[in-house]
Protein chains: 2
Amino acid sequence: MGGDQGPPAIIGGVHEYLKAHDGRNLRFLLHGDETAIRAEMARLKLSGGNMDIRHTDKVIPMGEKPAQALRRGKGTSLWNAVESIRAGEAHAAVSAGNTGAMMAISKLILRMAVPALERPAIVANWPTARGISVVLDVGANIDCGARQLVEFAIMGESFHAAVHGSTRPTIGLLNVGSEDNKGHDEVREAHRILREWGQGLDYRGFVEGDDIAKGTVDIIVTDGFTGNIALKTTEGTIRFLLTLLKESLTSTTLGKVGALMVKPALRTMVHRIDPGRYNGAPLLGLNGLVVKSHGSTNAAGFASAIRVAVDLARSDYLAKVAAGLERLGDIMEATPEATPEEAPVSQPVGA
Amino acid sequence: MGGDQGPPAIIGGVHEYLKAHDGRNLRFLLHGDETAIRAEMARLKLSGGNMDIRHTDKVIPMGEKPAQALRRGKGTSLWNAVESIRAGEAHAAVSAGNTGAMMAISKLILRMAVPALERPAIVANWPTARGISVVLDVGANIDCGARQLVEFAIMGESFHAAVHGSTRPTIGLLNVGSEDNKGHDEVREAHRILREWGQGLDYRGFVEGDDIAKGTVDIIVTDGFTGNIALKTTEGTIRFLLTLLKESLTSTTLGKVGALMVKPALRTMVHRIDPGRYNGAPLLGLNGLVVKSHGSTNAAGFASAIRVAVDLARSDYLAKVAAGLERLGDIMEATPEATPEEAPVSQPVGA
């Protein structure tokens, strides 16, 4: 029932997914208003052979606060979808609904696998010059210590391998320079742990803001404050450039004629950076797979989110993350904190 | 002597500046190698009537660390340029040299007007949909408390008014959402001070990453870590999009023909976002005006940095900042810190 469009995007997404992928070993539990769901299924001529409708007429509004969603959420479509994981009926839940409510309900029902995290981390799938990188956290955990940053590295690595198909994803820590003494205490300490511990992760050191679009590494680790601002600043920049491009092309007669000729090429370019193509980001750090779709998505975008959920459920993602976190726990107990001498005063940028 | 090109860009910049602006009430002190400077002046047919050459054969290499620059910097062209401000010989210094050295030497010679700042703040002049906004700090002060953020607001406001000509610049605080309870303690406390104090500043509240390119406010205030990553992420995104655009346009024959026709329009667009046009950022928070130019600048870019220095020196910028900081000092002493009840737990993004 979630997202700006509700059932047309969600059931449409199931339809799109089944057109492009083998659905034989797949079962859908569709939580929501049965009449609305059946109407969409009829419209799309979906047989429903591998679908169960779980009727509820309760929904969580898109604008509801997480605390209210927790109090009033029981029995809503979102709640029931997450509950079906806990009950062992589903391997993963996918929703285009209220993100804050999704995080709060998922945390309550499934519990965090990463106790040190305030709430599940959110990854962004980021089109780059070399493919798709993932950036995390992009907004859920505002204050992150070194340990949380290393946890993001572990989860991001397993996510990239499961969903974007890399065999040995590379990891970078977002910072204001590449030397060991750059940045604040948390990022320097996470750098030390990742470099000295290393075990199983292909850690490449600090990366800077421009390395994201370059695709220098597959996973860019940062705190939720910085990650959210990097993501939204980039979205704003892309919108601004596309507007400027349109204005420039239509400002002269010659430009207008040329614009018609370059239109197909520009469409290819816009497609390449279209976030809908990469829609679907798990809430990381839970005991279970909950995949968040953009609320504004259409059927094709929701199919992408379903693809993410299926790929994660069929991979060893959860087991791999659990093992990585356990090893990190061991190392954190065995390793003393960095002494002040090991954490020199930060240097200015460009120094 | 600074920058990638040295005297050709610097003396060329003086030449470009004098072609475009009235230089009658202006005097240049040119610090560096006299032979190299005279050669450039001869090449450009500069009479030198309003220029004094202050010869030195010592220079600070672009890669030198700030600590080394402090130890070995005395008598270099950069040192002498800053020293000429302290000696009352110059109203402002402009350099395309080593940024870290420039900050360290300026702080040592001129001292901070803002004692709470670790080092001078750096502003970025940011082309937006509505003109030029300034973002600060973009890299000098990694850890910023609420007070530093408010100081950035005061300095950014005076800078925007002096250099970008706004009569009443608007200010926003960069955050992960617009509600009062979003973000970390420092940003919420700065928000409270700016909102309750208000005095003289047109503070518009929290802004998000995509508000920068929109030009929602004239001054975007943030800590040096977040600001540096927002800036470099944007630079990387722009380079990526322009590369994609070029690739898309040359991928088909029709596109190639169209590309020739849209070339002038695209040049206009690239010009609109060319950082060289907005080159020149003061090191903020010093007792004196030191303007940093990009090291990779050409003569036109260096002329822009000279323009910034002249506009600042002819404005009431330093007096206005001093008055604003004094008022802030009074208010900080009079106001108790926010109590824990006033600083609620942060909410997730999208909640």
# chains A, B, ... in the order shown; residues from 1 in each chain; ligands from 1
call {"tool": "interface_residues", "arguments": {"of": "chain B", "to": "chain A", "cutoff": "7 Å", "atoms": "only C-alpha atoms", "output": "PyMOL selection string"}}
result
chain B and resi 65-66+98-101+129+139-140+142-143+176+183-184+208-214+225-226+228-230+232-237+240+244-245+248-249+254-255+258-259+261-262+265-266+268-269+348-351
call {"tool": "select_by_dssp", "arguments": {"residues": "stretch 74-202 of chain A", "states": "strand (DSSP E or B)", "output": "VMD selection string"}}
result
chain A and resid 92 to 95 112 121 to 128 131 to 136 170 to 174 202
call {"tool": "write_last_selection", "arguments": {"atoms": "N, CA and C atoms", "output": "PDB file, in the first residue's frame"}}
result
ATOM      1  N   ALA A  92      12.084 -12.050   2.970  1.00  0.00           N
ATOM      2  CA  ALA A  92      12.411 -10.632   2.864  1.00  0.00           C
ATOM      3  C   ALA A  92      11.122  -9.831   2.715  1.00  0.00           C
ATOM      4  N   ALA A  93      11.146  -8.573   3.153  1.00  0.00           N
ATOM      5  CA  ALA A  93      10.008  -7.672   2.952  1.00  0.00           C
ATOM      6  C   ALA A  93      10.465  -6.508   2.083  1.00  0.00           C
ATOM      7  N   VAL A  94       9.587  -6.046   1.183  1.00  0.00           N
ATOM      8  CA  VAL A  94       9.884  -4.902   0.320  1.00  0.00           C
ATOM      9  C   VAL A  94       8.745  -3.907   0.476  1.00  0.00           C
ATOM     10  N   SER A  95       9.080  -2.640   0.668  1.00  0.00           N
ATOM     11  CA  SER A  95       8.045  -1.625   0.831  1.00  0.00           C
ATOM     12  C   SER A  95       8.487  -0.294   0.249  1.00  0.00           C
ATOM     13  N   MET A 112      17.971  -5.458  16.120  1.00  0.00           N
ATOM     14  CA  MET A 112      19.221  -5.185  15.427  1.00  0.00           C
ATOM     15  C   MET A 112      20.192  -6.351  15.607  1.00  0.00           C
ATOM     16  N   ALA A 121      21.069   1.017   9.025  1.00  0.00           N
ATOM     17  CA  ALA A 121      21.753   1.916   8.094  1.00  0.00           C
ATOM     18  C   ALA A 121      21.078   1.839   6.734  1.00  0.00           C
ATOM     19  N   ILE A 122      21.167   2.940   5.983  1.00  0.00           N
ATOM     20  CA  ILE A 122      20.582   2.975   4.645  1.00  0.00           C
ATOM     21  C   ILE A 122      21.703   3.120   3.629  1.00  0.00           C
ATOM     22  N   VAL A 123      21.672   2.286   2.589  1.00  0.00           N
ATOM     23  CA  VAL A 123      22.675   2.409   1.534  1.00  0.00           C
ATOM     24  C   VAL A 123      22.072   3.142   0.343  1.00  0.00           C
ATOM     25  N   ALA A 124      22.925   3.853  -0.379  1.00  0.00           N
ATOM     26  CA  ALA A 124      22.527   4.443  -1.660  1.00  0.00           C
ATOM     27  C   ALA A 124      23.278   3.710  -2.758  1.00  0.00           C
ATOM     28  N   ASN A 125      22.576   3.284  -3.781  1.00  0.00           N
ATOM     29  CA  ASN A 125      23.198   2.697  -4.969  1.00  0.00           C
ATOM     30  C   ASN A 125      23.561   3.843  -5.889  1.00  0.00           C
ATOM     31  N   TRP A 126      24.847   4.014  -6.177  1.00  0.00           N
ATOM     32  CA  TRP A 126      25.347   5.248  -6.777  1.00  0.00           C
ATOM     33  C   TRP A 126      25.973   4.966  -8.142  1.00  0.00           C
ATOM     34  N   PRO A 127      25.355   5.465  -9.234  1.00  0.00           N
ATOM     35  CA  PRO A 127      25.956   5.259 -10.558  1.00  0.00           C
ATOM     36  C   PRO A 127      27.277   6.030 -10.659  1.00  0.00           C
ATOM     37  N   THR A 128      28.329   5.371 -11.105  1.00  0.00           N
ATOM     38  CA  THR A 128      29.642   6.011 -11.205  1.00  0.00           C
ATOM     39  C   THR A 128      30.233   5.742 -12.585  1.00  0.00           C
ATOM     40  N   GLY A 131      30.634   1.893 -12.848  1.00  0.00           N
ATOM     41  CA  GLY A 131      29.566   0.942 -12.517  1.00  0.00           C
ATOM     42  C   GLY A 131      28.700   1.473 -11.399  1.00  0.00           C
ATOM     43  N   ILE A 132      28.393   0.590 -10.442  1.00  0.00           N
ATOM     44  CA  ILE A 132      27.569   1.008  -9.315  1.00  0.00           C
ATOM     45  C   ILE A 132      28.371   0.879  -8.031  1.00  0.00           C
ATOM     46  N   SER A 133      28.506   1.975  -7.313  1.00  0.00           N
ATOM     47  CA  SER A 133      29.079   1.895  -5.979  1.00  0.00           C
ATOM     48  C   SER A 133      27.957   2.008  -4.967  1.00  0.00           C
ATOM     49  N   VAL A 134      28.212   1.578  -3.748  1.00  0.00           N
ATOM     50  CA  VAL A 134      27.227   1.809  -2.700  1.00  0.00           C
ATOM     51  C   VAL A 134      27.850   2.718  -1.640  1.00  0.00           C
ATOM     52  N   VAL A 135      27.030   3.656  -1.169  1.00  0.00           N
ATOM     53  CA  VAL A 135      27.461   4.605  -0.146  1.00  0.00           C
ATOM     54  C   VAL A 135      26.587   4.369   1.076  1.00  0.00           C
ATOM     55  N   LEU A 136      27.199   4.228   2.227  1.00  0.00           N
ATOM     56  CA  LEU A 136      26.418   4.086   3.451  1.00  0.00           C
ATOM     57  C   LEU A 136      27.176   4.630   4.642  1.00  0.00           C
ATOM     58  N   THR A 170      35.821  -3.503  -3.274  1.00  0.00           N
ATOM     59  CA  THR A 170      36.808  -2.660  -2.595  1.00  0.00           C
ATOM     60  C   THR A 170      36.091  -1.618  -1.735  1.00  0.00           C
ATOM     61  N   ILE A 171      36.757  -1.226  -0.666  1.00  0.00           N
ATOM     62  CA  ILE A 171      36.138  -0.354   0.340  1.00  0.00           C
ATOM     63  C   ILE A 171      36.997   0.881   0.574  1.00  0.00           C
ATOM     64  N   GLY A 172      36.354   2.043   0.677  1.00  0.00           N
ATOM     65  CA  GLY A 172      37.048   3.276   1.041  1.00  0.00           C
ATOM     66  C   GLY A 172      36.290   4.004   2.134  1.00  0.00           C
ATOM     67  N   LEU A 173      37.015   4.769   2.920  1.00  0.00           N
ATOM     68  CA  LEU A 173      36.430   5.536   4.019  1.00  0.00           C
ATOM     69  C   LEU A 173      36.433   6.999   3.590  1.00  0.00           C
ATOM     70  N   LEU A 174      35.257   7.624   3.574  1.00  0.00           N
ATOM     71  CA  LEU A 174      35.137   8.995   3.070  1.00  0.00           C
ATOM     72  C   LEU A 174      35.799   9.975   4.034  1.00  0.00           C
ATOM     73  N   ASP A 202      38.710  -5.892   1.388  1.00  0.00           N
ATOM     74  CA  ASP A 202      39.689  -5.245   0.511  1.00  0.00           C
ATOM     75  C   ASP A 202      39.624  -3.737   0.743  1.00  0.00           C
TER      76      ASP A 202
END
call {"tool": "residues_around", "arguments": {"residues": "B:His15", "least_positions_apart": "5", "cutoff": "12 Å", "atoms": "only C-alpha atoms", "output": "list in words"}}
result
Pro7, Pro8, Ala9, Ile10, Ala20, His21, Asp22, Gly23, Phe28, Glu40, Met41, Ala42, Arg43, Leu44, Lys45, Leu46, Ser47, Gly48, Asn50, Met51, Asn298, Ala299, Ala300, Gly301, Phe302, Ala303, Ser304 and Ile306 of chain B
call {"tool": "select_by_dssp", "arguments": {"residues": "stretch 98-258 of chain B", "states": "helix (DSSP H, G or I)", "output": "number ranges by chain"}}
result
B: 99-110, 146-163, 185-197, 209-214, 224-249, 253-258
call {"tool": "atom_distance", "arguments": {"atom1": "atom CA of A:Asn80", "atom2": "atom CA of A:Ala162"}}
result
25.9 Å
